[in-house]
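**Q** The structure file input_2.txt (compact mmCIF, C-alpha atoms and all ligand atoms) is provided below.
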```
# COMPACT_ATOMS: atom_id res chain seq x y z
CA MET A 1 116.96 83.50 122.84
CA LYS A 2 119.42 80.60 122.38
CA TYR A 3 118.67 77.44 124.39
CA ASN A 4 120.99 74.54 125.20
CA LYS A 5 119.16 71.27 125.59
CA ILE A 6 120.45 69.21 128.53
CA ASN A 7 118.43 66.15 129.58
CA ASN A 8 114.90 67.45 130.20
CA PHE A 9 116.00 71.05 130.45
CA GLU A 10 116.34 73.90 128.01
CA ILE A 11 118.81 76.44 129.34
CA ALA A 12 119.42 80.01 128.18
CA LEU A 13 122.20 82.03 129.80
CA ASN A 14 122.55 85.79 130.26
CA VAL A 15 119.37 86.80 128.52
CA ASN A 16 118.92 90.55 128.03
CA GLY A 17 115.57 91.73 129.33
CA SER A 18 114.31 95.29 129.01
CA ASP A 19 116.75 97.99 130.20
CA GLN A 20 113.97 100.28 131.35
CA TYR A 21 110.87 99.78 133.47
CA THR A 22 107.79 99.83 131.29
CA LYS A 23 104.05 99.51 131.92
CA VAL A 24 102.87 96.76 129.61
CA SER A 25 100.03 94.26 129.71
CA TYR A 26 102.19 91.20 128.98
CA PRO A 27 105.02 89.49 130.91
CA ILE A 28 108.24 91.47 130.85
CA ARG A 29 111.63 90.82 132.45
CA TYR A 30 114.23 93.42 133.36
CA GLY A 31 118.03 93.41 133.33
CA VAL A 32 120.07 90.28 132.65
CA TYR A 33 118.85 86.85 133.74
CA SER A 34 119.18 83.14 132.93
CA GLU A 35 116.41 80.69 132.27
CA ILE A 36 115.65 76.98 132.64
CA LYS A 37 112.59 75.57 130.89
CA THR A 38 111.10 72.23 131.90
CA LYS A 39 107.93 70.48 130.76
CA ASP A 40 105.88 72.26 133.44
CA TYR A 41 107.68 75.50 134.33
CA ILE A 42 109.86 78.37 133.20
CA TYR A 43 112.33 79.27 135.96
CA GLN A 44 114.30 82.50 135.72
CA PHE A 45 117.37 83.27 137.82
CA ASN A 46 119.23 86.44 138.69
CA GLN A 47 122.93 87.04 138.10
CA ASN A 48 123.82 85.30 141.39
CA GLY A 49 121.90 82.17 140.38
CA GLU A 50 119.00 82.82 142.81
CA ILE A 51 115.49 81.97 141.67
CA ARG A 52 113.65 85.15 140.69
CA TYR A 53 110.58 84.20 138.61
CA ILE A 54 108.44 81.13 137.95
CA THR A 55 105.78 80.76 135.28
CA GLY A 56 103.65 77.61 135.01
CA LYS A 57 103.34 76.02 131.58
CA ASN A 58 100.76 73.32 132.19
CA GLY A 59 96.99 73.67 131.99
CA ASN A 60 96.60 74.05 135.76
CA TRP A 61 98.48 77.32 135.95
CA PRO A 62 95.93 80.11 136.53
CA ASN A 63 96.91 82.15 133.45
CA PRO A 64 99.92 81.83 131.07
CA LEU A 65 100.38 85.62 131.21
CA GLU A 66 100.84 85.58 135.00
CA TRP A 67 103.91 84.76 137.04
CA LEU A 68 105.53 84.54 140.46
CA LYS A 69 108.38 86.80 141.52
CA ARG A 70 110.63 86.24 144.54
CA THR A 71 111.87 89.38 146.29
CA VAL A 72 115.27 89.87 147.86
CA ALA A 73 113.50 89.40 151.23
CA ASN A 74 112.44 85.91 150.07
CA ASP A 75 108.72 86.78 149.71
CA TRP A 76 106.77 85.44 146.74
CA VAL A 77 104.55 87.89 144.86
CA TYR A 78 102.01 86.68 142.30
CA TYR A 79 101.39 89.02 139.35
CA SER A 80 97.71 88.75 138.48
CA SER A 81 96.39 90.16 135.22
CA GLY A 82 92.67 89.93 135.69
CA GLY A 83 89.67 89.37 137.83
CA TYR A 84 89.63 93.05 138.57
CA ALA A 85 87.88 95.31 136.07
CA GLY A 86 89.65 98.57 135.34
CA LEU A 87 92.90 97.43 136.97
CA TYR A 88 95.09 100.10 135.32
CA SER A 89 92.82 102.95 136.34
CA ILE A 90 92.81 101.68 139.94
CA ILE A 91 96.50 101.01 140.56
CA GLY A 92 98.24 102.57 137.53
CA GLU A 93 99.68 99.16 136.55
CA HIS A 94 98.60 96.32 134.26
CA TYR A 95 99.34 93.66 136.87
CA TYR A 96 98.04 93.38 140.40
CA PRO A 97 100.75 92.20 142.83
CA CYS A 98 99.28 89.60 145.21
CA PHE A 99 101.29 88.98 148.34
CA SER A 100 101.84 85.78 150.30
CA TYR A 101 101.41 87.78 153.54
CA SER A 102 98.52 89.92 154.76
CA SER A 103 98.33 93.41 153.28
CA ASN A 104 95.68 96.00 152.38
CA SER A 105 94.68 94.28 149.14
CA LEU A 106 91.11 94.56 147.89
CA LEU A 107 91.31 91.41 145.77
CA ARG A 108 89.09 88.67 147.10
CA SER A 109 90.92 85.70 145.56
CA ASN A 110 94.26 84.55 146.92
CA PRO A 111 96.50 82.89 144.29
CA PHE A 112 98.62 81.36 147.05
CA GLU A 113 95.72 79.04 147.80
CA ASN A 114 95.88 77.70 144.23
CA GLU A 115 97.42 74.20 144.19
CA SER A 116 99.41 74.75 141.00
CA VAL A 117 100.93 77.99 142.37
CA LYS A 118 101.88 76.17 145.60
CA ASP A 119 103.31 73.26 143.57
CA SER A 120 105.44 75.59 141.48
CA ILE A 121 107.17 76.99 144.58
CA ASN A 122 107.69 73.49 145.98
CA SER A 123 109.05 72.29 142.62
CA ILE A 124 112.25 74.33 143.08
CA GLU A 125 113.72 71.78 145.49
CA ASP A 126 113.12 68.97 142.95
CA LEU A 127 114.68 71.07 140.20
CA LEU A 128 117.80 71.70 142.32
CA GLU A 129 118.09 67.98 143.07
CA GLU A 130 117.97 67.11 139.38
CA ILE A 131 120.47 69.84 138.55
CA THR A 132 122.83 68.54 141.24
CA GLU A 133 122.80 65.18 139.52
CA ILE A 134 123.66 66.49 136.06
CA LYS A 135 125.82 69.56 136.74
CA ASN A 136 129.14 67.69 136.52
CA ASN A 137 128.35 65.95 133.27
CA PRO A 138 131.51 66.42 131.12
CA LEU A 139 129.36 67.12 128.07
CA ILE A 140 128.08 70.37 129.58
CA ASP A 141 130.03 73.46 128.52
CA ASN A 142 131.94 75.48 131.12
CA GLU A 143 129.65 78.50 131.24
CA THR A 144 126.52 76.39 131.76
CA SER A 145 128.31 74.27 134.34
CA LEU A 146 129.26 77.41 136.32
CA PHE A 147 125.66 78.64 136.18
CA LEU A 148 124.31 75.30 137.43
CA GLU A 149 126.94 75.32 140.19
CA LYS A 150 125.62 78.74 141.29
CA ILE A 151 121.93 77.88 141.34
CA VAL A 152 122.23 74.71 143.43
CA GLN A 153 123.56 76.84 146.31
CA TYR A 154 120.19 78.53 146.72
CA ASN A 155 117.76 76.05 148.22
CA LYS A 156 114.88 76.79 150.58
CA LYS A 157 117.14 76.97 153.62
CA THR A 158 119.92 79.11 152.16
CA CYS A 159 117.37 81.53 150.62
CA ALA A 160 115.77 82.00 154.06
CA LEU A 161 119.19 82.53 155.66
CA LYS A 162 120.11 85.06 153.00
CA SER A 163 116.94 87.04 153.61
CA HIS A 164 117.76 87.04 157.33
CA LYS A 165 121.21 88.42 156.50
CA PHE A 166 119.61 91.13 154.34
CA HIS A 167 117.43 92.30 157.25
CA THR A 168 120.41 92.21 159.60
CA ILE A 169 122.38 94.50 157.26
CA ILE A 170 119.63 97.12 157.00
CA GLY A 171 118.62 96.77 160.67
CA GLY A 172 115.15 95.17 160.33
CA ARG A 173 112.37 94.65 157.84
CA VAL A 174 111.05 97.40 155.57
CA SER A 175 107.39 97.27 156.65
CA VAL A 176 106.23 99.29 153.65
CA LEU A 177 107.75 100.56 150.41
CA PRO A 178 106.58 103.88 148.98
CA PRO A 179 103.75 103.47 146.45
CA ASP A 180 105.86 105.21 143.79
CA SER A 181 108.35 102.31 143.80
CA ARG A 182 105.81 100.57 141.52
CA HIS A 183 107.56 102.58 138.76
CA VAL A 184 110.59 100.23 139.09
CA ASP A 185 108.51 97.14 139.90
CA TYR A 186 109.64 97.54 143.56
CA ASP A 187 113.24 96.64 142.55
CA VAL A 188 114.95 98.99 144.97
CA ILE A 189 118.00 98.63 147.15
CA PRO A 190 116.98 99.90 150.59
CA VAL A 191 119.41 102.10 152.49
CA ILE A 192 118.07 103.04 155.91
CA ILE A 193 119.21 106.43 157.18
CA SER A 194 116.63 106.93 159.95
CA ASP A 195 114.16 104.98 162.06
CA GLY A 196 110.78 105.82 163.53
CA CYS A 197 108.51 108.71 162.60
CA LEU A 198 107.19 111.98 163.98
CA TYR A 199 103.55 111.17 164.67
CA ASN A 200 103.09 107.49 165.57
CA CYS A 201 99.46 107.77 164.43
CA GLY A 202 96.89 105.52 166.08
CA PHE A 203 95.53 103.97 162.84
CA CYS A 204 98.88 103.05 161.26
CA SER A 205 99.70 99.36 160.86
CA VAL A 206 103.23 99.81 159.48
CA LYS A 207 104.80 102.11 162.08
CA SER A 208 107.71 100.94 164.24
CA GLY A 209 106.45 102.87 167.27
CA GLN A 210 109.87 104.50 167.68
CA GLU A 211 110.55 108.23 167.86
CA PHE A 212 112.27 109.61 164.77
CA CYS A 213 116.03 109.09 164.95
CA GLU A 214 118.77 109.53 162.34
CA ARG A 215 121.41 106.84 161.98
CA GLU A 216 125.11 107.62 162.27
CA PRO A 217 126.78 108.48 158.92
CA ASP A 218 129.52 105.85 159.50
CA SER A 219 126.93 103.12 160.05
CA ILE A 220 125.18 104.13 156.81
CA ILE A 221 128.47 103.83 154.90
CA ASP A 222 128.97 100.34 156.43
CA GLN A 223 125.39 99.44 155.47
CA ILE A 224 125.98 100.46 151.84
CA ASP A 225 129.29 98.54 151.71
CA ASN A 226 127.61 95.44 153.15
CA LEU A 227 124.69 95.76 150.71
CA LYS A 228 127.13 95.96 147.81
CA GLU A 229 128.61 92.63 148.90
CA PHE A 230 125.20 91.14 149.65
CA TYR A 231 123.70 91.86 146.21
CA GLY A 232 126.83 90.43 144.55
CA GLU A 233 126.81 90.14 140.77
CA ASP A 234 123.09 90.90 140.59
CA ILE A 235 123.70 94.48 141.71
CA SER A 236 124.13 95.30 138.00
CA ASN A 237 120.36 94.69 137.60
CA TYR A 238 119.49 97.53 140.03
CA ASN A 239 119.55 101.27 139.57
CA SER A 240 117.20 102.61 142.25
CA LEU A 241 117.23 103.25 145.99
CA PHE A 242 114.67 103.29 148.74
CA ILE A 243 116.03 105.71 151.34
CA GLY A 244 114.22 104.68 154.51
CA GLN A 245 112.44 104.32 156.69
CA HIS A 246 109.18 106.18 157.39
CA ASP A 247 110.30 109.80 157.12
CA ALA A 248 113.79 109.96 155.60
CA LEU A 249 113.03 113.48 154.34
CA TYR A 250 113.13 114.66 157.96
CA ALA A 251 116.83 113.71 158.07
CA LYS A 252 119.41 116.41 157.41
CA THR A 253 119.83 117.20 153.72
CA ASP A 254 123.58 116.54 154.10
CA LEU A 255 122.82 112.98 155.17
CA ILE A 256 120.36 112.37 152.31
CA GLU A 257 122.75 113.84 149.76
CA HIS A 258 125.85 111.95 150.96
CA THR A 259 123.93 108.68 151.19
CA ALA A 260 122.54 109.01 147.65
CA LYS A 261 125.88 109.98 146.13
CA TYR A 262 127.87 107.29 147.95
CA ALA A 263 125.33 104.59 147.06
CA TYR A 264 125.25 105.70 143.41
CA GLU A 265 129.03 105.29 143.15
CA ARG A 266 129.37 102.18 145.31
CA PHE A 267 126.51 100.29 143.64
CA GLY A 268 127.81 101.26 140.18
CA PHE A 269 124.45 102.66 139.06
CA LYS A 270 126.10 104.50 136.18
CA GLU A 271 126.96 101.13 134.61
CA SER A 272 123.70 99.42 135.62
CA ASN A 273 121.83 97.17 133.17
CA MET A 274 118.84 99.43 133.88
CA ARG A 275 118.45 103.04 132.79
CA ASN A 276 117.14 106.11 134.67
CA SER A 277 118.04 105.84 138.36
CA LYS A 278 115.40 106.74 140.91
CA ILE A 279 115.20 107.41 144.63
CA PHE A 280 112.06 106.66 146.63
CA MET A 281 111.50 107.96 150.12
CA PHE A 282 108.77 108.94 152.54
CA GLY A 283 108.24 112.42 153.91
CA SER A 284 105.78 113.97 156.33
CA VAL A 285 103.84 117.22 156.66
CA GLU A 286 106.58 118.62 158.86
CA SER A 287 109.54 117.42 156.81
CA ILE A 288 108.13 118.80 153.55
CA LEU A 289 107.48 122.17 155.24
CA ASN A 290 110.87 122.27 157.02
CA LYS A 291 112.98 121.81 153.91
CA THR A 292 113.86 125.01 152.05
CA ASP A 293 114.11 125.60 148.31
CA ALA A 294 117.90 125.30 148.74
CA ASP A 295 117.46 121.81 150.23
CA PHE A 296 115.25 120.69 147.35
CA LYS A 297 117.71 122.20 144.87
CA ARG A 298 120.37 119.85 146.26
CA ILE A 299 118.07 116.84 146.01
CA ASN A 300 117.11 117.92 142.48
CA SER A 301 120.81 117.90 141.49
CA LEU A 302 121.42 114.27 142.51
CA PRO A 303 121.97 111.75 139.69
CA PHE A 304 118.46 110.39 140.34
CA TYR A 305 114.83 111.29 139.75
CA THR A 306 113.50 111.49 143.32
CA TYR A 307 110.01 110.51 144.45
CA ILE A 308 108.91 111.70 147.91
CA ASN A 309 105.68 110.24 149.24
CA VAL A 310 103.97 112.21 152.01
CA GLY A 311 101.24 110.79 154.25
CA LEU A 312 98.48 113.39 154.58
CA GLU A 313 95.67 110.88 155.32
CA SER A 314 92.80 113.40 155.37
CA PHE A 315 91.84 117.02 154.84
CA ASP A 316 89.08 116.83 157.45
CA GLN A 317 89.84 117.57 161.11
CA GLU A 318 87.30 115.09 162.42
CA THR A 319 88.93 112.29 160.34
CA LEU A 320 92.46 113.29 161.38
CA ASP A 321 91.33 113.08 165.03
CA PHE A 322 89.52 109.80 164.36
CA LEU A 323 92.72 108.34 162.84
CA LYS A 324 94.71 109.70 165.79
CA LYS A 325 96.97 111.61 163.43
CA PRO A 326 98.20 114.51 165.59
CA LEU A 327 97.91 117.23 162.91
CA GLN A 328 95.77 120.26 162.21
CA LYS A 329 93.93 120.52 158.87
CA LYS A 330 95.56 123.94 158.23
CA LEU A 331 99.00 122.35 158.29
CA VAL A 332 97.90 119.54 155.94
CA GLU A 333 96.71 122.17 153.48
CA LYS A 334 99.97 124.11 153.77
CA ALA A 335 101.98 120.92 153.12
CA PHE A 336 99.80 120.01 150.15
CA LEU A 337 100.28 123.46 148.55
CA ARG A 338 104.03 123.21 149.13
CA MET A 339 104.05 119.79 147.43
CA VAL A 340 102.29 121.21 144.38
CA GLU A 341 104.83 124.05 144.33
CA ILE A 342 107.85 121.69 144.57
CA ASN A 343 106.48 119.63 141.70
CA ARG A 344 106.33 122.77 139.56
CA MET A 345 109.78 124.05 140.58
CA PHE A 346 112.00 120.96 140.42
CA PRO A 347 112.09 118.78 137.29
CA ASN A 348 113.85 115.88 139.05
CA ILE A 349 111.62 115.71 142.12
CA GLU A 350 108.08 114.39 142.30
CA VAL A 351 106.17 114.65 145.54
CA THR A 352 103.15 112.39 145.87
CA SER A 353 100.60 112.11 148.66
CA ASN A 354 98.66 109.47 150.56
CA PHE A 355 95.13 109.56 151.84
CA ILE A 356 93.20 106.94 153.73
CA TYR A 357 90.05 105.40 152.36
CA GLY A 358 87.60 103.25 154.25
CA SER A 359 83.85 102.86 154.43
CA ASN A 360 83.22 104.07 157.98
CA LEU A 361 85.23 107.28 158.04
CA PRO A 362 83.61 110.58 159.12
CA GLU A 363 81.18 112.07 156.61
CA ASN A 364 83.31 114.99 155.38
CA HIS A 365 86.44 112.97 154.68
CA TYR A 366 85.82 112.37 150.96
CA SER A 367 84.20 115.71 150.12
CA SER A 368 87.09 117.59 151.74
CA ILE A 369 89.68 115.61 149.73
CA MET A 370 87.67 116.29 146.58
CA GLU A 371 87.71 120.00 147.38
CA LEU A 372 91.48 119.89 147.97
CA LEU A 373 92.25 118.09 144.71
CA ARG A 374 89.95 120.23 142.60
CA GLU A 375 89.90 123.67 144.19
CA LYS A 376 93.53 123.94 145.31
CA VAL A 377 94.99 122.57 142.06
CA LYS A 378 93.62 124.76 139.32
CA ARG A 379 94.17 122.56 136.30
CA LYS A 380 95.05 118.95 135.38
CA TYR A 381 98.63 117.86 136.04
CA ASN A 382 100.19 114.48 135.37
CA LYS A 383 102.85 114.92 138.07
CA GLY A 384 102.22 114.37 141.78
CA ASP A 385 100.10 111.22 142.08
CA VAL A 386 97.60 110.95 144.92
CA TYR A 387 97.36 107.50 146.53
CA PHE A 388 94.52 106.05 148.55
CA SER A 389 95.44 103.46 151.12
CA TYR A 390 92.69 101.08 152.17
CA PHE A 391 91.85 101.34 155.88
CA ASN A 392 90.18 98.08 156.79
CA ASP A 393 87.28 99.15 158.99
CA GLY A 394 85.17 96.14 158.08
CA GLY A 395 82.63 98.15 156.11
CA ASP A 396 81.13 98.11 152.62
CA LYS A 397 83.96 97.80 150.06
CA GLY A 398 81.59 98.72 147.21
CA LYS A 399 80.82 102.07 148.82
CA MET A 400 84.51 102.70 149.26
CA GLN A 401 85.22 101.96 145.59
CA ARG A 402 82.51 104.41 144.56
CA GLU A 403 84.03 107.13 146.75
CA PHE A 404 87.45 106.43 145.22
CA TYR A 405 86.10 106.74 141.66
CA ASN A 406 84.22 109.94 142.52
CA ILE A 407 87.45 111.49 143.71
CA LYS A 408 89.54 110.07 140.86
CA ASN A 409 87.15 111.40 138.23
CA SER A 410 87.05 114.92 139.63
CA SER A 411 90.69 115.21 140.77
CA ASN A 412 93.14 117.46 138.93
CA LEU A 413 95.95 115.08 139.94
CA PRO A 414 96.23 111.38 138.98
CA ALA A 415 94.70 109.17 141.70
CA TYR A 416 95.39 105.49 142.43
CA THR A 417 95.04 103.02 145.25
CA TYR A 418 98.08 101.99 147.23
CA LEU A 419 99.14 98.43 148.03
CA ILE A 420 101.31 97.94 151.09
CA GLN A 421 104.31 95.92 149.92
CA ARG A 422 107.08 95.01 152.35
CA LEU A 423 110.71 94.11 151.82
S1 LIG A 501 101.22 107.08 159.05
FE1 LIG A 501 103.36 107.68 158.82
S2 LIG A 501 103.66 109.17 160.48
FE2 LIG A 501 101.80 108.04 161.00
S3 LIG A 501 102.54 106.33 162.26
FE3 LIG A 501 102.46 105.56 160.17
S4 LIG A 501 104.55 105.87 159.44
FE4 LIG A 501 104.32 107.17 161.25
```
For this file, write the structure as C-alpha cells.
**A**
Amino acid sequence: MKYNKINNFEIALNVNGSDQYTKVSYPIRYGVYSEIKTKDYIYQFNQNGEIRYITGKNGNWPNPLEWLKRTVANDWVYYSSGGYAGLYSIIGEHYYPCFSYSSNSLLRSNPFENESVKDSINSIEDLLEEITEIKNNPLIDNETSLFLEKIVQYNKKTCALKSHKFHTIIGGRVSVLPPDSRHVDYDVIPVIISDGCLYNCGFCSVKSGQEFCEREPDSIIDQIDNLKEFYGEDISNYNSLFIGQHDALYAKTDLIEHTAKYAYERFGFKESNMRNSKIFMFGSVESILNKTDADFKRINSLPFYTYINVGLESFDQETLDFLKKPLQKKLVEKAFLRMVEINRMFPNIEVTSNFIYGSNLPENHYSSIMELLREKVKRKYNKGDVYFSYFNDGGDKGKMQREFYNIKNSSNLPAYTYLIQRL
C-alpha cells in the first residue's frame, strides 16, 4: 500500500481489498477503499468518500484486531474477536458483530460503552475539520485533493440525512436482514418488492404488523433507479441484493425474477469489484410450499446464488401456539421436507431455516427439533443451515446454550445462532 504523507496524515488512495467475501480470523477489507492514518486511528472510506471503518491504534483500543464499521443506514457495528469461547461454532463467523442498538445478542459486554470506541466515532468531526484546513494546499496532488474534497462533505449531519434518504427510497427501515447475509458481511443493496407478512406472529419483534402486499412493478423499477443514484460510485463495491421484506418469496415469481434481473443490470453487478453475486430473501412455510419446481428453476437460473431463509420457529404444536404462530406442526414438517428437497435439486438455491430458542419454552420444543434435524435428514449435509434466534424470555441463558449445543451436535444440518441486524 502506497501512502502519501501530508501533515499528520498518511493517505492511501484506491486500495484494493479482497474481491471475495472470506471467513478469516483477522481484519479484512472488501472492494476498493481509501485510507487515512493518524497517530491514533486508521480511517477507511468508501468510493464516495464516506467513512466506512475505524480502527483504534492507541493502547486504549479494546483489541488491535477489532474494528468499527458504519452501515449504509448510518449504524455503527463493532466487530469483536473474543470474549466468547467457540465463536465460530456458534455463529459461523470469526467476528461477533455488536450493534449500537438493541438486538438479540447474547454477549454481555457492550463495546459502545467503551470510552475509546466512543472517542473514535467522535473523532471523525475533528478529522474533517483538520482536512478542511489542508485540502486546498497547492502541494497536494490533484487526486488526493479530490478525495479530501469528497470526504469533508460527509459529516455527522449529512451522514444522518443520507441515511434518512436511503430509508425514504426503500420505503422504511429493514428491521431484520436474513441470517445468510453474513456470507457477504451484510453488504447487500435492499430492494423491497413486498411489505408485511402472512402470519403476524405474537412473539415476533421485527414484524411490521401489515398484511402481506406486493409493491407495484413500476415503483420497484423507480426504487432500483433511485438506489443506483444513491449508492453513487461505491455501487462498484456491491454485488448482492436483499429482496425484501419479510416474505418476498410469497411474491409472484415474475416479480422476483424481473427485479433480480433489472437490479443486476442497473447496478452493474457483472463489473462489480466483488465476485459471486448473491440474493438473500425471506420465505415462509406457505411461500415455500406454494412455489413449484418450475418457479424454483427460474430462480435457479438467475445470475445469482440465492439464499431463502424460512421461519419455522418450532416443530412442536404447543410451542407454535405459545409463540402465537398460526401454523400446524404437520405443515411445518411438510415445508421442512420441501426445503431439503429444493437444496438437493437446485445448485444455485440454498434454503435455510429459523427456529426460536429460549429458556422457558414448552418442554418438547428442543427434542422435537432434534428429531426433525436427525430423523428427517438421513445424513450430514453442509447445505441448508439451521439458525436459532434467541427469544428473550428472561430465563437461564446457560440452559439455553446447552440446548443449542445438544441440537448442534446431533443435527445433520449445520446449526448456528442468528443475530438480528437491521439496515
Ligand atoms: S416471524 Fe415472520 S411471519 Fe411471523 S410475524 Fe415475524 S416476520 Fe411475520
**Q** Please identify every polymer residue within 9 Å of ligand LIG 501 (chain A), using only C-alpha atoms and all ligand atoms, and present the set as a VMD selection string.
**A** chain A and resid 176 196 to 210 245 to 247 282 to 285 310 to 313 324 to 326
**Q** Hey, which bits of stretch 361-381 of chain A sit within 9 Å of stretch 408-411 of chain A, and for each residue what's the closest pair of atoms and how far apart in Å (one decimal), counting only C-alpha atoms, rows by chain and increasing number, as CSV?
**A**
```
residue,atom,partner,partner_atom,distance
A:Met370,CA,A:Ser411,CA,6.6
A:Glu371,CA,A:Ser411,CA,8.7
A:Leu372,CA,A:Ser411,CA,8.6
A:Leu373,CA,A:Ser411,CA,5.1
A:Arg374,CA,A:Ser411,CA,5.4
A:Val377,CA,A:Ser411,CA,8.6
A:Lys380,CA,A:Ser411,CA,7.9
```
**Q** Give me the residues within 12 Å of A:Thr168 as a VMD selection string, counting only C-alpha atoms and dropping any in the same chain fewer than 5 places off.
**A** chain A and resid 73 161 to 163 173 to 174 192 223 226 to 227 230
**Q** Which protein, DNA or RNA residues have an atom at most 10 Å from (93.3, 74.8, 135.9), counting only C-alpha atoms? List them as a list in words.
**A**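 With a cut-off of 10 Å, the residues come to Asn58, Gly59, Asn60, Trp61, Pro62, Asn63, Asn114, Glu115 and Ser116 of chain A.
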**Q** Here is a test: counting all atoms listed in the file, which residue of A:Gln328, A:Ser287, A:Ser240, A:Gln317 is nearest to A:Phe304?
**A**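 Of A:Gln328, A:Ser287, A:Ser240, A:Gln317, the one nearest A:Phe304, counting all atoms listed in the file, is A:Ser240.
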**Q** Of the candidates A:Lys118, A:Arg379, A:Lys156, A:His94, which one gets nearest to A:Ile51 if we count only C-alpha atoms?
**A**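 Among the listed residues, A:Lys156 lies closest to A:Ile51.
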**Q** Which is closest to A:Pro97 among A:Ser194, A:Met281, A:Ile189, A:Ile420, if we use all atoms listed in the file?
**A** A:Ile420
**Q** For A:Val184, which residue among A:Asn237, A:Ser120, A:Asn392, A:Ser109 is the nearest when counting all atoms listed in the file?
**A**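 Of all the options, A:Asn237 lies closest to A:Val184.
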**Q** How many Å lie between atom CA of A:Ala260 and atom CA of A:Ile288, rounded to one decimal?
**A**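 Separation of atom CA of A:Ala260 and atom CA of A:Ile288: 18.4 Å.
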**Q** Could you tell me how far atom CA of A:Ser175 lies from atom CA of A:Leu423, in Å and to one decimal?
**A**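 Those two atoms sit 6.7 Å apart.
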**Q** Could you name the residues that touch stretch 19-26 of chain A at 8 Å or less, counting all atoms listed in the file, but leaving out those on the same chain fewer than 3 positions away, as a PyMOL selection string?
**A** chain A and resi 30-31+65+81+93-95+183-185+273-276
**Q** Calculate how many Å separate atom CA of A:Thr158 from atom CA of A:Glu125, rounding to one decimal.
**A**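 Spanning atom CA of A:Thr158 to atom CA of A:Glu125 is a straight-line distance of 11.7 Å.
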**Q** Fewer than 5 positions away in the same chain doesn't count, so skip those; otherwise give me all residues within 12 Å of A:Ile279, counting only C-alpha atoms, as a ChimeraX atom specification.
**A** /A:177-178,180-181,183-184,186-191,238-244,248-249,256-257,259-261,263-264,269,299-300,302-309,348-351
**Q** Keeping only C-alpha atoms, write the selected residues to a file as an mmCIF file, keeping the file's coordinate frame.
**A**
```
data_model
loop_
_atom_site.group_PDB
_atom_site.id
_atom_site.type_symbol
_atom_site.label_atom_id
_atom_site.label_comp_id
_atom_site.auth_asym_id
_atom_site.auth_seq_id
_atom_site.Cartn_x
_atom_site.Cartn_y
_atom_site.Cartn_z
ATOM 1 C CA LEU A 177 107.750 100.560 150.410
ATOM 2 C CA PRO A 178 106.580 103.880 148.980
ATOM 3 C CA ASP A 180 105.860 105.210 143.790
ATOM 4 C CA SER A 181 108.350 102.310 143.800
ATOM 5 C CA HIS A 183 107.560 102.580 138.760
ATOM 6 C CA VAL A 184 110.590 100.230 139.090
ATOM 7 C CA TYR A 186 109.640 97.540 143.560
ATOM 8 C CA ASP A 187 113.240 96.640 142.550
ATOM 9 C CA VAL A 188 114.950 98.990 144.970
ATOM 10 C CA ILE A 189 118.000 98.630 147.150
ATOM 11 C CA PRO A 190 116.980 99.900 150.590
ATOM 12 C CA VAL A 191 119.410 102.100 152.490
ATOM 13 C CA TYR A 238 119.490 97.530 140.030
ATOM 14 C CA ASN A 239 119.550 101.270 139.570
ATOM 15 C CA SER A 240 117.200 102.610 142.250
ATOM 16 C CA LEU A 241 117.230 103.250 145.990
ATOM 17 C CA PHE A 242 114.670 103.290 148.740
ATOM 18 C CA ILE A 243 116.030 105.710 151.340
ATOM 19 C CA GLY A 244 114.220 104.680 154.510
ATOM 20 C CA ALA A 248 113.790 109.960 155.600
ATOM 21 C CA LEU A 249 113.030 113.480 154.340
ATOM 22 C CA ILE A 256 120.360 112.370 152.310
ATOM 23 C CA GLU A 257 122.750 113.840 149.760
ATOM 24 C CA THR A 259 123.930 108.680 151.190
ATOM 25 C CA ALA A 260 122.540 109.010 147.650
ATOM 26 C CA LYS A 261 125.880 109.980 146.130
ATOM 27 C CA ALA A 263 125.330 104.590 147.060
ATOM 28 C CA TYR A 264 125.250 105.700 143.410
ATOM 29 C CA PHE A 269 124.450 102.660 139.060
ATOM 30 C CA ILE A 299 118.070 116.840 146.010
ATOM 31 C CA ASN A 300 117.110 117.920 142.480
ATOM 32 C CA LEU A 302 121.420 114.270 142.510
ATOM 33 C CA PRO A 303 121.970 111.750 139.690
ATOM 34 C CA PHE A 304 118.460 110.390 140.340
ATOM 35 C CA TYR A 305 114.830 111.290 139.750
ATOM 36 C CA THR A 306 113.500 111.490 143.320
ATOM 37 C CA TYR A 307 110.010 110.510 144.450
ATOM 38 C CA ILE A 308 108.910 111.700 147.910
ATOM 39 C CA ASN A 309 105.680 110.240 149.240
ATOM 40 C CA ASN A 348 113.850 115.880 139.050
ATOM 41 C CA ILE A 349 111.620 115.710 142.120
ATOM 42 C CA GLU A 350 108.080 114.390 142.300
ATOM 43 C CA VAL A 351 106.170 114.650 145.540
#
```
**Q** Extract, using only C-alpha atoms, all DNA, RNA and protein residues at most 9 Å from A:Phe336, discarding same-chain residues fewer than 2 positions from it, and format them as a list of chain:residue names.
**A**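 Surrounding residues, per the criterion: A:Val285, A:Leu312, A:Leu331, A:Val332, A:Glu333, A:Lys334, A:Arg338, A:Met339, A:Val340, A:Glu341, A:Ser353, A:Leu372, A:Lys376.
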**Q** Need the shell around stretch 402-405 of chain A: protein/DNA/RNA residues with any atom at most 8 Å away, counting only C-alpha atoms. Skip same-chain ones fewer than 3 positions apart. Format as a ChimeraX atom specification?
**A** /A:357,366,388,398-399,408-409
**Q** Mind working out the centre and edge lengths of an axis-aligned box for stretch 338-342 of chain A, all listed atoms inside, 8 Å added to each side, rounded to one decimal in Å and written as JSON?
**A**
```
{"center_x": 105.1, "center_y": 121.9, "center_z": 146.7, "size_x": 21.6, "size_y": 20.3, "size_z": 20.8}
```
**Q** Which polymer residues, protein or nucleic acid, are no farther than 8 Å from (91.2, 103.4, 138.6), counting all atoms listed in the file, as a list in words?
**A**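 In the file's frame, the residues around the point are Gly86, Leu87, Tyr88, Ser89, Ile90, Ile91, Gly92, Tyr405, Lys408, Ala415, Tyr416 and Thr417 of chain A.
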**Q** Nearest to A:Tyr96 among A:Asn8, A:Ser277, A:Gln421, A:Asn16, with distances taken over only C-alpha atoms: which residue is it?
**A**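 Closest to A:Tyr96, using only C-alpha atoms: A:Gln421.
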